[in-house]
2 protein chains.
Amino acid sequence: MTTSANGRRRPPTIHDVAREAGVSRGTVSRFLNGGHYVSPAAGRAVESAIRKTGYVVNRHARSLSTGRSDSVAFLLTEPQEKFFEDPNFNVLLRGCTERLAQHDIPLLLMLAESDDDRRRLTRYITSGHVDGVLLLSNHSGDPVAAELHDAGIPLVVCGKPIGRGTKVSYVAAADREGAQEMVRHLLAGGRRRVGMVTGPLDMPGGPDRLAGYRDVLAEAGLPYDPALVVEGDFRRSGGERAARRLLSQAPDMDAVFVASDLMALGVVNVLQQSGRSVPDDIAVGGFDDSPAATAIAPALTTMRQPFDRISTEMVRMLLAQIAGEDPAGIILPTELVVRDSA
Amino acid sequence: MTTSANGRRRPPTIHDVAREAGVSRGTVSRFLNGGHYVSPAAGRAVESAIRKTGYVVNRHARSLSTGRSDSVAFLLTEPQEKFFEDPNFNVLLRGCTERLAQHDIPLLLMLAESDDDRRRLTRYITSGHVDGVLLLSNHSGDPVAAELHDAGIPLVVCGKPIGRGTKVSYVAAADREGAQEMVRHLLAGGRRRVGMVTGPLDMPGGPDRLAGYRDVLAEAGLPYDPALVVEGDFRRSGGERAARRLLSQAPDMDAVFVASDLMALGVVNVLQQSGRSVPDDIAVGGFDDSPAATAIAPALTTMRQPFDRISTEMVRMLLAQIAGEDPAGIILPTELVVRDSA
DNA sequence: TCATTTTCTGTGATCGTGCACAGCTCCCCT
DNA sequence: AGGGGAGCTGTGCACGATCACAGAAAATGA
């Protein structure tokens with residue numbers, strides 16, 4: 001540590017290390033960046049000088065010089081609780097953190113609830129503070145994706161973007177095909193009055209899962225009855241509301257496909273309170289394979305979203321974009337997990 | 001936007017703006033930092049040049065020059081879910097975000113679960129990337145606080161640190177006094193066999209709330225019975241486990257003080273399942289006044305922690321430290337909220 | 001009118017790195 | 001012996017901003 005005139009500690013620089021080790025700045029810099037072309041003796045000298053001075057690299061200076069920041073943002077543009085209450089979010093976040101850790105890149109979580117937050121963080125990001133952004137799912141009207149894309153920030157969105165205006169990278173599960181498979185499973189169990197609780201239709205995964213449901217009804221020659229379909233909000237409480245509406249609109253329903261496990265928990269709860277037995281009276285199929293799916297009785301039959309692979313792919317694609325590759329979209333298959341509820 | 005030889009867009013710099021506006025770099029810089037000593041005409045020219053070029057400040061360059069980064073980290077050194085499932089955490093996080101927003105400072109949430117993460121983030125922080133850290137840490141053995149303090153990073157911890165080794169700033173609620181008030185309230189209701197579910201005793205709020213409980217027992221001339229005290233983990237599931245142990249160890253218990261609302265939810269649940277009525281058979285007092293406290297029946301009587309003021313104070317103290325003031329500790333009073341459970 | 005302050009402007013120097021370049025030594029190969 | 005490459009080292013410049021300073025222009029005072 002060096003002490004300057006006013007008594008405040010000034011952090012040691014690469015120059016202090018060089019002087020301490022008796023070598024030049026260039027040698028220290030080379031040592032820090034991989035150690036190529038540094039003699040063993042010089043390397044040892046630098047190493048001990050670093051320990052002695054307590055040197056840590058000044059990332060602002062490095063970033064200014066290299067143009068990189070070696071950090072990545074995970075941006076949420078919706079209210080926090082919405083994500084925090086969802087165990088899947090934890091899985092996704094942890095997955096991304098771990099993948100990035102393999103490249104020694106720290107992940108910064110940024111929460112943008114208000115427009116004011118959004119502006120502040122967009123400015124923060126576009127001013128070069130991160131190399132790229134992982135964006136978690138957003139309403140179709142959300143301008144953040146377009147803004148970041150226009151600013152040339154590498155970007156990967158989780159979930160298939162609704163508006164196909166700008167060409168941004170995304171990683172999504174096969175929502176439509178997954179929904180088809182689940183509804184086929186319900187029909188294969190002999191059900192004929194199959195309801196559905198959709199996600200918000202302006203969010204990724206909303207319309208596609210509904211489309212899959214309709215596909216299979218048509219395929220089986222069953223009519224599409226609007227009374228059997230209610231829009232939810234991907235939250236537990238929304239599932240409860242939706243279930244109550246379905247029960248009053250279509251009391252003869254014998255199965256229901258719910259577009260997320262969290263909502264399905266609410267649905268099962270309301271069905272049981274109303275005296276129905278799951279799955280005897282009404283079969284319930286979820287979507288996500290959330291950790292919560294096995295926390296209730298009966299354990300939820302659901303479509304597993306491959307969150308491990310999703311996070312892996314998101315990170316891979318982001319790093320690829322940072323390295324200069326073009327944006328691309330990728331859709332990963334889902335998997336039917338049969339448990340007790342259907 | 002300027003296009004360089006290789007065709008890649010290079011972001012415009014302050015120099016490009018200056019050329020476009022027909023002024024010097026200095027004038028642009030002054031305009032950006034408050035606009036003092038800039039003539040109205042020059043100001044307008046710069047303003048339109050910024051719009052035209054799409055200029056955004058390069059924060060690395062600015063930080064390198066000023067030594068500040070104008071951003072703050074909110075660091076969690078415990079598993080994510082532990083915080084995310086707690087509604088109080090959301091209140092606290094949102095409060096800090098809002099206070100900082102008033103100073104136009106973005107908040108970066110950092111999650112350090114593994115030692116590896118901790119190292120990576122500590123390095124990231126000490127290399128100058130943020131001006132200060134709000135730490136929601138916890139276990140007494142956590143070395144992060146000490147490390148950051150030693151590195152000279154302004155730091156405010158939420159909760160009173162257990163080990164009083166290093167002198168770090170903290171903001172805490174009056175745990176001991178709050179616990180006293182709650183236990184007095186239980187005794188005032190005529191209860192005599194008052195149990196307690198504590199928090200982890202190596203975490204802030206753990207030992208102090210237990211101490212307050214013992215204070216009041218002594219004050220009332222009641223014996224301290226170890227069978228009436230079980231250590232929990234501040235989580236709902238931990239509350240359930242603790243309640244089961246209490247019921248078997250001390251079936252004659254007529255009240256219980258639970259050191260957090262989240263645990264209290266679990267306790268109430270188990271008590272009701274065991275056929276006890278709350279509050280008729282057993283009174284339950286919580287701690288926190290979490291949003292969850294009113295979500296159950298009976299609504300929870302609890303000690304309100306002033307999370308608004310806590311976040312306000314944390315931010316104020318952090319900014320003060322960044323400005324050069326010395327660290328300090330502050331303890332805020334709690335408030336008894338009487339509802340139906342006691 | 002001139003002196004003096006106030007407002008405004010441009011020009012280096014600087015922050016701490018990485019990187020290109022040139023120069024040095026040493027070794028190997030013909 | 002001479003040429004060529006590899007390994008290693010130091011030096012200057014660039015990155016993009018802020019800031020101190022000096023000087024010009026305008027406003028103010030006597």
# chains A, B, ... in the order shown; residues from 1 in each chain; ligands from 1
$ interface_residues --of "chain A" --to "chain C" --cutoff "9 Å" --atoms "only C-alpha atoms (C1' of nucleotides)" --output "PyMOL selection string"
chain A and resi 13-15+26+29-30+57-66
$ select_by_dssp --residues "segment 234-317 of chain A" --states "strand (DSSP E)" --output "list of chain:residue names"
A:Ala255, A:Val256, A:Phe257, A:Val258, A:Ala283, A:Val284, A:Gly285, A:Thr302, A:Met303, A:Arg304
$ residues_around --residues "segment 151-156 of chain B" --least-positions-apart "2" --cutoff "8 Å" --atoms "only C-alpha atoms (C1' of nucleotides)" --output "PyMOL selection string"
chain B and resi 126+131-135+145+147-149+158+168-171+314+317-318+321-322
$ write_last_selection --atoms "all heavy atoms" --output "compact mmCIF listing (two decimals), in the first residue's frame"
# COMPACT_ATOMS: atom_id res chain seq x y z
N THR B 126 -13.26 -5.37 -5.03
CA THR B 126 -12.05 -4.67 -4.61
C THR B 126 -11.28 -4.09 -5.78
O THR B 126 -10.44 -3.23 -5.60
CB THR B 126 -11.11 -5.59 -3.81
OG1 THR B 126 -10.85 -6.75 -4.59
CG2 THR B 126 -11.73 -5.99 -2.50
N ASP B 131 -18.53 1.50 -5.63
CA ASP B 131 -18.05 2.44 -4.63
C ASP B 131 -18.26 1.93 -3.22
O ASP B 131 -17.59 2.38 -2.29
CB ASP B 131 -18.78 3.78 -4.77
CG ASP B 131 -18.36 4.50 -6.03
OD1 ASP B 131 -17.27 4.19 -6.55
OD2 ASP B 131 -19.12 5.36 -6.51
N GLY B 132 -19.22 1.03 -3.07
CA GLY B 132 -19.52 0.55 -1.73
C GLY B 132 -20.39 -0.68 -1.78
O GLY B 132 -20.91 -1.04 -2.84
N VAL B 133 -20.56 -1.31 -0.64
CA VAL B 133 -21.28 -2.57 -0.57
C VAL B 133 -22.29 -2.56 0.57
O VAL B 133 -21.98 -2.17 1.70
CB VAL B 133 -20.30 -3.74 -0.34
CG1 VAL B 133 -21.04 -5.05 -0.15
CG2 VAL B 133 -19.32 -3.84 -1.50
N LEU B 134 -23.51 -2.96 0.25
CA LEU B 134 -24.50 -3.26 1.27
C LEU B 134 -24.48 -4.77 1.45
O LEU B 134 -24.70 -5.51 0.49
CB LEU B 134 -25.89 -2.80 0.81
CG LEU B 134 -26.02 -1.31 0.51
CD1 LEU B 134 -27.35 -1.01 -0.17
CD2 LEU B 134 -25.89 -0.50 1.79
N LEU B 135 -24.17 -5.22 2.63
CA LEU B 135 -23.97 -6.65 2.85
C LEU B 135 -25.10 -7.24 3.69
O LEU B 135 -25.38 -6.75 4.77
CB LEU B 135 -22.63 -6.87 3.54
CG LEU B 135 -22.24 -8.33 3.82
CD1 LEU B 135 -22.16 -9.12 2.53
CD2 LEU B 135 -20.91 -8.37 4.55
N ALA B 145 -17.10 -9.72 5.17
CA ALA B 145 -17.15 -8.38 5.76
C ALA B 145 -15.74 -7.91 6.11
O ALA B 145 -15.34 -6.80 5.76
CB ALA B 145 -18.04 -8.38 7.00
N GLU B 147 -12.88 -8.97 4.95
CA GLU B 147 -12.08 -8.78 3.74
C GLU B 147 -12.35 -7.43 3.08
O GLU B 147 -11.44 -6.70 2.72
CB GLU B 147 -12.39 -9.88 2.71
CG GLU B 147 -11.58 -11.14 2.89
CD GLU B 147 -12.02 -12.21 1.91
OE1 GLU B 147 -12.37 -11.86 0.76
OE2 GLU B 147 -12.04 -13.38 2.29
N LEU B 148 -13.61 -7.14 2.91
CA LEU B 148 -13.98 -5.90 2.26
C LEU B 148 -13.52 -4.70 3.10
O LEU B 148 -13.00 -3.72 2.58
CB LEU B 148 -15.49 -5.83 2.03
CG LEU B 148 -16.02 -6.84 1.00
CD1 LEU B 148 -17.54 -6.77 0.93
CD2 LEU B 148 -15.42 -6.58 -0.38
N HIS B 149 -13.71 -4.83 4.39
CA HIS B 149 -13.30 -3.75 5.28
C HIS B 149 -11.80 -3.51 5.19
O HIS B 149 -11.34 -2.38 5.09
CB HIS B 149 -13.72 -4.09 6.71
CG HIS B 149 -13.39 -3.02 7.69
ND1 HIS B 149 -12.31 -3.10 8.53
CD2 HIS B 149 -13.98 -1.83 7.94
CE1 HIS B 149 -12.27 -2.00 9.27
NE2 HIS B 149 -13.26 -1.22 8.94
N CYS B 158 -26.31 -5.28 7.19
CA CYS B 158 -27.66 -5.30 7.75
C CYS B 158 -27.70 -6.32 8.89
O CYS B 158 -27.44 -7.50 8.67
CB CYS B 158 -28.67 -5.65 6.68
SG CYS B 158 -30.35 -5.76 7.29
N VAL B 168 -17.10 -2.39 11.62
CA VAL B 168 -17.83 -2.11 10.39
C VAL B 168 -19.17 -1.46 10.72
O VAL B 168 -19.71 -1.63 11.81
CB VAL B 168 -18.10 -3.41 9.58
CG1 VAL B 168 -16.80 -4.12 9.27
CG2 VAL B 168 -19.04 -4.31 10.32
N SER B 169 -19.66 -0.71 9.75
CA SER B 169 -20.96 -0.07 9.93
C SER B 169 -22.06 -1.11 9.91
O SER B 169 -21.98 -2.10 9.18
CB SER B 169 -21.21 0.91 8.79
OG SER B 169 -20.64 2.14 9.05
N TYR B 170 -23.10 -0.88 10.67
CA TYR B 170 -24.24 -1.78 10.59
C TYR B 170 -25.52 -1.03 10.92
O TYR B 170 -25.50 0.00 11.58
CB TYR B 170 -24.08 -2.97 11.53
CG TYR B 170 -24.07 -2.61 12.98
CD1 TYR B 170 -25.26 -2.56 13.70
CD2 TYR B 170 -22.89 -2.30 13.63
CE1 TYR B 170 -25.26 -2.22 15.04
CE2 TYR B 170 -22.88 -1.95 14.97
CZ TYR B 170 -24.07 -1.91 15.67
OH TYR B 170 -24.08 -1.55 16.99
N VAL B 171 -26.62 -1.56 10.44
CA VAL B 171 -27.94 -1.07 10.80
C VAL B 171 -28.73 -2.27 11.28
O VAL B 171 -28.77 -3.29 10.59
CB VAL B 171 -28.65 -0.44 9.59
CG1 VAL B 171 -30.05 0.02 9.98
CG2 VAL B 171 -27.85 0.73 9.04
N MET B 314 -29.30 2.40 5.83
CA MET B 314 -28.18 1.68 5.21
C MET B 314 -27.60 2.50 4.06
O MET B 314 -26.39 2.68 3.94
CB MET B 314 -28.63 0.31 4.69
CG MET B 314 -28.82 -0.72 5.78
SD MET B 314 -29.37 -2.32 5.12
CE MET B 314 -27.85 -2.91 4.38
N MET B 317 -25.90 5.72 5.36
CA MET B 317 -24.60 5.48 5.96
C MET B 317 -23.55 5.09 4.92
O MET B 317 -22.39 5.47 5.03
CB MET B 317 -24.72 4.38 7.01
CG MET B 317 -25.48 4.85 8.24
SD MET B 317 -25.75 3.51 9.41
CE MET B 317 -24.07 3.16 9.87
N LEU B 318 -23.99 4.36 3.92
CA LEU B 318 -23.03 3.96 2.89
C LEU B 318 -22.54 5.18 2.13
O LEU B 318 -21.33 5.36 1.91
CB LEU B 318 -23.65 2.95 1.93
CG LEU B 318 -22.67 2.37 0.93
CD1 LEU B 318 -21.61 1.54 1.64
CD2 LEU B 318 -23.36 1.52 -0.12
N GLN B 321 -20.13 7.09 4.16
CA GLN B 321 -18.80 6.48 4.18
C GLN B 321 -18.05 6.73 2.88
O GLN B 321 -16.85 6.99 2.87
CB GLN B 321 -18.91 4.98 4.40
CG GLN B 321 -18.81 4.56 5.84
CD GLN B 321 -18.68 3.06 5.93
OE1 GLN B 321 -17.64 2.48 5.72
NE2 GLN B 321 -19.80 2.41 6.24
N ILE B 322 -18.78 6.64 1.78
CA ILE B 322 -18.14 6.90 0.49
C ILE B 322 -17.63 8.33 0.46
O ILE B 322 -16.57 8.61 -0.11
CB ILE B 322 -19.15 6.65 -0.66
CG1 ILE B 322 -19.45 5.15 -0.75
CG2 ILE B 322 -18.60 7.15 -1.98
CD1 ILE B 322 -20.56 4.79 -1.71
$ residues_around --residues "Leu332 of chain B" --least-positions-apart "3" --cutoff "9 Å" --atoms "only C-alpha atoms (C1' of nucleotides)" --output "PyMOL selection string"
chain B and resi 171-174+305-306+309-310
$ interface_residues --of "chain D" --to "chain B" --cutoff "7 Å" --atoms "only C-alpha atoms (C1' of nucleotides)" --output "list of chain:residue names"
D:DG16, D:DA17, D:DT18
$ interface_residues --of "chain A" --to "chain B" --cutoff "9 Å" --atoms "only C-alpha atoms" --output "mmCIF file with N, CA, C and O atoms, in the first residue's frame"
data_model
loop_
_atom_site.group_PDB
_atom_site.id
_atom_site.type_symbol
_atom_site.label_atom_id
_atom_site.label_comp_id
_atom_site.auth_asym_id
_atom_site.auth_seq_id
_atom_site.Cartn_x
_atom_site.Cartn_y
_atom_site.Cartn_z
ATOM 1 N N ARG A 9 -5.080 5.994 1.746
ATOM 2 C CA ARG A 9 -4.373 4.942 1.031
ATOM 3 C C ARG A 9 -4.735 4.958 -0.441
ATOM 4 O O ARG A 9 -5.900 5.003 -0.799
ATOM 5 N N VAL A 56 -4.280 -5.367 -6.574
ATOM 6 C CA VAL A 56 -5.400 -5.911 -7.338
ATOM 7 C C VAL A 56 -5.549 -5.068 -8.596
ATOM 8 O O VAL A 56 -5.413 -3.845 -8.546
ATOM 9 N N VAL A 57 -5.841 -5.749 -9.680
ATOM 10 C CA VAL A 57 -5.919 -5.042 -10.952
ATOM 11 C C VAL A 57 -7.021 -3.988 -10.902
ATOM 12 O O VAL A 57 -8.061 -4.191 -10.278
ATOM 13 N N ASN A 58 -6.800 -2.879 -11.521
ATOM 14 C CA ASN A 58 -7.827 -1.852 -11.666
ATOM 15 C C ASN A 58 -8.627 -2.148 -12.925
ATOM 16 O O ASN A 58 -8.159 -1.987 -14.047
ATOM 17 N N ARG A 59 -9.850 -2.607 -12.714
ATOM 18 C CA ARG A 59 -10.619 -3.094 -13.855
ATOM 19 C C ARG A 59 -11.068 -1.980 -14.764
ATOM 20 O O ARG A 59 -11.354 -2.209 -15.934
ATOM 21 N N HIS A 60 -11.183 -0.783 -14.234
ATOM 22 C CA HIS A 60 -11.574 0.312 -15.122
ATOM 23 C C HIS A 60 -10.490 0.549 -16.153
ATOM 24 O O HIS A 60 -10.757 0.680 -17.336
ATOM 25 N N ALA A 61 -9.270 0.575 -15.664
ATOM 26 C CA ALA A 61 -8.155 0.803 -16.577
ATOM 27 C C ALA A 61 -8.056 -0.337 -17.587
ATOM 28 O O ALA A 61 -7.887 -0.119 -18.785
ATOM 29 N N ARG A 62 -8.192 -1.548 -17.080
ATOM 30 C CA ARG A 62 -8.115 -2.688 -17.981
ATOM 31 C C ARG A 62 -9.214 -2.639 -19.035
ATOM 32 O O ARG A 62 -8.975 -2.821 -20.219
ATOM 33 N N SER A 63 -10.423 -2.357 -18.561
ATOM 34 C CA SER A 63 -11.536 -2.335 -19.504
ATOM 35 C C SER A 63 -11.376 -1.216 -20.517
ATOM 36 O O SER A 63 -11.711 -1.379 -21.690
ATOM 37 N N LEU A 64 -10.889 -0.111 -20.060
ATOM 38 C CA LEU A 64 -10.684 0.999 -20.985
ATOM 39 C C LEU A 64 -9.709 0.595 -22.065
ATOM 40 O O LEU A 64 -9.880 0.917 -23.243
ATOM 41 N N SER A 69 -15.216 -5.964 -20.368
ATOM 42 C CA SER A 69 -15.386 -5.732 -18.938
ATOM 43 C C SER A 69 -15.366 -7.041 -18.168
ATOM 44 O O SER A 69 -15.295 -7.051 -16.949
ATOM 45 N N GLN A 80 -39.820 -7.995 -8.855
ATOM 46 C CA GLN A 80 -38.964 -9.028 -8.271
ATOM 47 C C GLN A 80 -39.712 -10.276 -7.835
ATOM 48 O O GLN A 80 -39.333 -11.388 -8.188
ATOM 49 N N GLU A 81 -40.769 -10.041 -7.053
ATOM 50 C CA GLU A 81 -41.414 -11.180 -6.396
ATOM 51 C C GLU A 81 -41.820 -12.234 -7.403
ATOM 52 O O GLU A 81 -41.763 -13.426 -7.145
ATOM 53 N N PHE A 83 -40.412 -13.321 -9.872
ATOM 54 C CA PHE A 83 -39.346 -14.279 -10.121
ATOM 55 C C PHE A 83 -38.944 -15.001 -8.851
ATOM 56 O O PHE A 83 -38.746 -16.207 -8.853
ATOM 57 N N PHE A 84 -38.833 -14.219 -7.785
ATOM 58 C CA PHE A 84 -38.279 -14.790 -6.572
ATOM 59 C C PHE A 84 -39.141 -15.913 -6.034
ATOM 60 O O PHE A 84 -38.656 -16.842 -5.426
ATOM 61 N N GLU A 85 -40.443 -15.825 -6.228
ATOM 62 C CA GLU A 85 -41.301 -16.862 -5.674
ATOM 63 C C GLU A 85 -41.268 -18.128 -6.535
ATOM 64 O O GLU A 85 -41.783 -19.154 -6.144
ATOM 65 N N PRO A 87 -39.426 -21.195 -7.996
ATOM 66 C CA PRO A 87 -38.205 -21.983 -7.815
ATOM 67 C C PRO A 87 -37.433 -22.184 -9.117
ATOM 68 O O PRO A 87 -36.223 -22.331 -9.115
ATOM 69 N N ASN A 90 -34.727 -19.705 -9.603
ATOM 70 C CA ASN A 90 -33.506 -20.011 -8.873
ATOM 71 C C ASN A 90 -32.629 -20.992 -9.637
ATOM 72 O O ASN A 90 -31.418 -20.830 -9.708
ATOM 73 N N ARG A 94 -29.003 -19.941 -10.944
ATOM 74 C CA ARG A 94 -27.836 -20.661 -10.474
ATOM 75 C C ARG A 94 -27.091 -21.297 -11.650
ATOM 76 O O ARG A 94 -25.867 -21.295 -11.705
ATOM 77 N N THR A 97 -25.073 -18.650 -13.372
ATOM 78 C CA THR A 97 -23.939 -18.274 -12.540
ATOM 79 C C THR A 97 -22.825 -19.303 -12.658
ATOM 80 O O THR A 97 -21.656 -18.954 -12.823
ATOM 81 N N GLU A 98 -23.211 -20.565 -12.610
ATOM 82 C CA GLU A 98 -22.195 -21.621 -12.655
ATOM 83 C C GLU A 98 -21.490 -21.688 -14.007
ATOM 84 O O GLU A 98 -20.279 -21.832 -14.079
ATOM 85 N N ALA A 101 -19.169 -18.914 -14.237
ATOM 86 C CA ALA A 101 -18.054 -19.086 -13.313
ATOM 87 C C ALA A 101 -16.930 -19.877 -13.967
ATOM 88 O O ALA A 101 -15.759 -19.651 -13.711
ATOM 89 N N ASP A 104 -14.829 -17.625 -15.325
ATOM 90 C CA ASP A 104 -14.413 -16.623 -14.356
ATOM 91 C C ASP A 104 -15.082 -15.268 -14.597
ATOM 92 O O ASP A 104 -14.470 -14.221 -14.428
ATOM 93 N N ILE A 105 -16.341 -15.330 -15.016
ATOM 94 C CA ILE A 105 -17.072 -14.089 -15.271
ATOM 95 C C ILE A 105 -18.140 -13.908 -14.195
ATOM 96 O O ILE A 105 -18.983 -14.778 -14.024
ATOM 97 N N PRO A 106 -18.096 -12.807 -13.465
ATOM 98 C CA PRO A 106 -19.128 -12.587 -12.456
ATOM 99 C C PRO A 106 -20.449 -12.169 -13.085
ATOM 100 O O PRO A 106 -20.473 -11.509 -14.135
ATOM 101 N N LEU A 107 -21.527 -12.575 -12.440
ATOM 102 C CA LEU A 107 -22.863 -12.252 -12.932
ATOM 103 C C LEU A 107 -23.476 -11.183 -12.030
ATOM 104 O O LEU A 107 -23.494 -11.328 -10.818
ATOM 105 N N LEU A 108 -23.976 -10.128 -12.643
ATOM 106 C CA LEU A 108 -24.601 -9.057 -11.874
ATOM 107 C C LEU A 108 -26.097 -9.086 -12.113
ATOM 108 O O LEU A 108 -26.549 -8.982 -13.257
ATOM 109 N N LEU A 109 -26.834 -9.233 -11.034
ATOM 110 C CA LEU A 109 -28.286 -9.264 -11.161
ATOM 111 C C LEU A 109 -28.806 -7.844 -11.077
ATOM 112 O O LEU A 109 -28.480 -7.101 -10.157
ATOM 113 N N MET A 110 -29.617 -7.454 -12.057
ATOM 114 C CA MET A 110 -30.145 -6.086 -12.056
ATOM 115 C C MET A 110 -31.659 -6.138 -12.108
ATOM 116 O O MET A 110 -32.232 -6.822 -12.949
ATOM 117 N N LEU A 111 -32.282 -5.379 -11.215
ATOM 118 C CA LEU A 111 -33.733 -5.387 -11.123
ATOM 119 C C LEU A 111 -34.275 -4.057 -11.598
ATOM 120 O O LEU A 111 -33.961 -3.016 -11.037
ATOM 121 N N ASP A 116 -38.064 4.375 -14.509
ATOM 122 C CA ASP A 116 -36.877 5.086 -14.078
ATOM 123 C C ASP A 116 -35.709 4.119 -13.918
ATOM 124 O O ASP A 116 -34.611 4.371 -14.416
ATOM 125 N N ASP A 117 -35.954 2.993 -13.234
ATOM 126 C CA ASP A 117 -34.929 1.956 -13.082
ATOM 127 C C ASP A 117 -34.442 1.493 -14.443
ATOM 128 O O ASP A 117 -33.248 1.325 -14.674
ATOM 129 N N ARG A 120 -32.154 3.952 -16.015
ATOM 130 C CA ARG A 120 -30.865 3.999 -15.332
ATOM 131 C C ARG A 120 -30.006 2.799 -15.693
ATOM 132 O O ARG A 120 -28.837 2.927 -16.023
ATOM 133 N N LEU A 121 -30.631 1.632 -15.663
ATOM 134 C CA LEU A 121 -29.850 0.425 -15.918
ATOM 135 C C LEU A 121 -29.476 0.306 -17.388
ATOM 136 O O LEU A 121 -28.388 -0.150 -17.721
ATOM 137 N N ARG A 123 -28.831 2.726 -19.330
ATOM 138 C CA ARG A 123 -27.702 3.624 -19.501
ATOM 139 C C ARG A 123 -26.441 2.990 -18.935
ATOM 140 O O ARG A 123 -25.368 3.042 -19.528
ATOM 141 N N TYR A 124 -26.606 2.381 -17.767
ATOM 142 C CA TYR A 124 -25.463 1.736 -17.121
ATOM 143 C C TYR A 124 -24.876 0.663 -18.029
ATOM 144 O O TYR A 124 -23.667 0.559 -18.207
ATOM 145 N N THR A 126 -25.351 0.221 -21.377
ATOM 146 C CA THR A 126 -24.831 0.692 -22.664
ATOM 147 C C THR A 126 -23.563 1.513 -22.507
ATOM 148 O O THR A 126 -22.844 1.717 -23.479
ATOM 149 N N SER A 127 -23.284 1.980 -21.302
ATOM 150 C CA SER A 127 -22.049 2.736 -21.131
ATOM 151 C C SER A 127 -20.863 1.811 -20.922
ATOM 152 O O SER A 127 -19.819 2.244 -20.496
ATOM 153 N N GLY A 128 -21.040 0.548 -21.239
ATOM 154 C CA GLY A 128 -19.906 -0.340 -21.330
ATOM 155 C C GLY A 128 -19.597 -1.146 -20.089
ATOM 156 O O GLY A 128 -18.551 -1.777 -20.006
ATOM 157 N N HIS A 129 -20.522 -1.142 -19.136
ATOM 158 C CA HIS A 129 -20.164 -1.769 -17.882
ATOM 159 C C HIS A 129 -20.233 -3.277 -17.897
ATOM 160 O O HIS A 129 -19.681 -3.949 -17.040
ATOM 161 N N ALA A 151 -28.326 -0.745 -29.320
ATOM 162 C CA ALA A 151 -27.077 -0.188 -28.812
ATOM 163 C C ALA A 151 -25.901 -1.121 -29.077
ATOM 164 O O ALA A 151 -24.768 -0.802 -28.748
ATOM 165 N N GLY A 152 -26.195 -2.281 -29.670
ATOM 166 C CA GLY A 152 -25.120 -3.188 -30.021
ATOM 167 C C GLY A 152 -24.626 -4.035 -28.873
ATOM 168 O O GLY A 152 -23.534 -4.591 -28.925
#
$ residues_around --residues "Arg241 of chain B" --least-positions-apart "6" --cutoff "12 Å" --atoms "only C-alpha atoms (C1' of nucleotides)" --output "list of chain:residue names"
B:Val197, B:Val230, B:Glu231, B:Gly232, B:Asp233, B:Phe234, B:Arg235, B:Leu247, B:Ser248, B:Met263, B:Ala264, B:Leu265, B:Gly266, B:Val267, B:Val268, B:Asn269, B:Val270, B:Leu271
$ residues_around --residues "Asp340 of chain A" --least-positions-apart "5" --cutoff "8 Å" --atoms "only C-alpha atoms (C1' of nucleotides)" --output "PDB file with N, CA and C atoms, in the first residue's frame"
ATOM      1  N   PRO A 279     -56.382 -37.224  -9.101  1.00  0.00           N
ATOM      2  CA  PRO A 279     -56.887 -37.062 -10.458  1.00  0.00           C
ATOM      3  C   PRO A 279     -58.235 -37.751 -10.747  1.00  0.00           C
ATOM      4  N   PRO A 298     -51.793 -34.698  -4.864  1.00  0.00           N
ATOM      5  CA  PRO A 298     -50.894 -35.642  -5.525  1.00  0.00           C
ATOM      6  C   PRO A 298     -49.765 -34.941  -6.262  1.00  0.00           C
ATOM      7  N   ALA A 299     -48.620 -35.637  -6.378  1.00  0.00           N
ATOM      8  CA  ALA A 299     -47.493 -35.072  -7.108  1.00  0.00           C
ATOM      9  C   ALA A 299     -47.930 -34.767  -8.532  1.00  0.00           C
ATOM     10  N   LEU A 300     -47.419 -33.666  -9.022  1.00  0.00           N
ATOM     11  CA  LEU A 300     -47.915 -33.111 -10.270  1.00  0.00           C
ATOM     12  C   LEU A 300     -47.311 -33.788 -11.502  1.00  0.00           C
ATOM     13  N   THR A 301     -48.186 -34.209 -12.414  1.00  0.00           N
ATOM     14  CA  THR A 301     -47.722 -34.609 -13.748  1.00  0.00           C
ATOM     15  C   THR A 301     -47.477 -33.343 -14.548  1.00  0.00           C
TER      16      THR A 301
END
$ select_by_dssp --residues "segment 205-336 of chain B" --states "helix (DSSP H, G or I)" --output "number ranges by chain"
B: 206-219, 226-228, 236-249, 261-273, 291-294, 307-322
$ atom_distance --atom1 "atom CA of Asp208 of chain B" --atom2 "atom CA of Val183 of chain B"
13.3 Å
$ closest_residue --among "A:Leu187, A:Val72, A:Ile330, A:Ala259" --to "Leu201 of chain A" --atoms "only C-alpha atoms"
A:Ala259
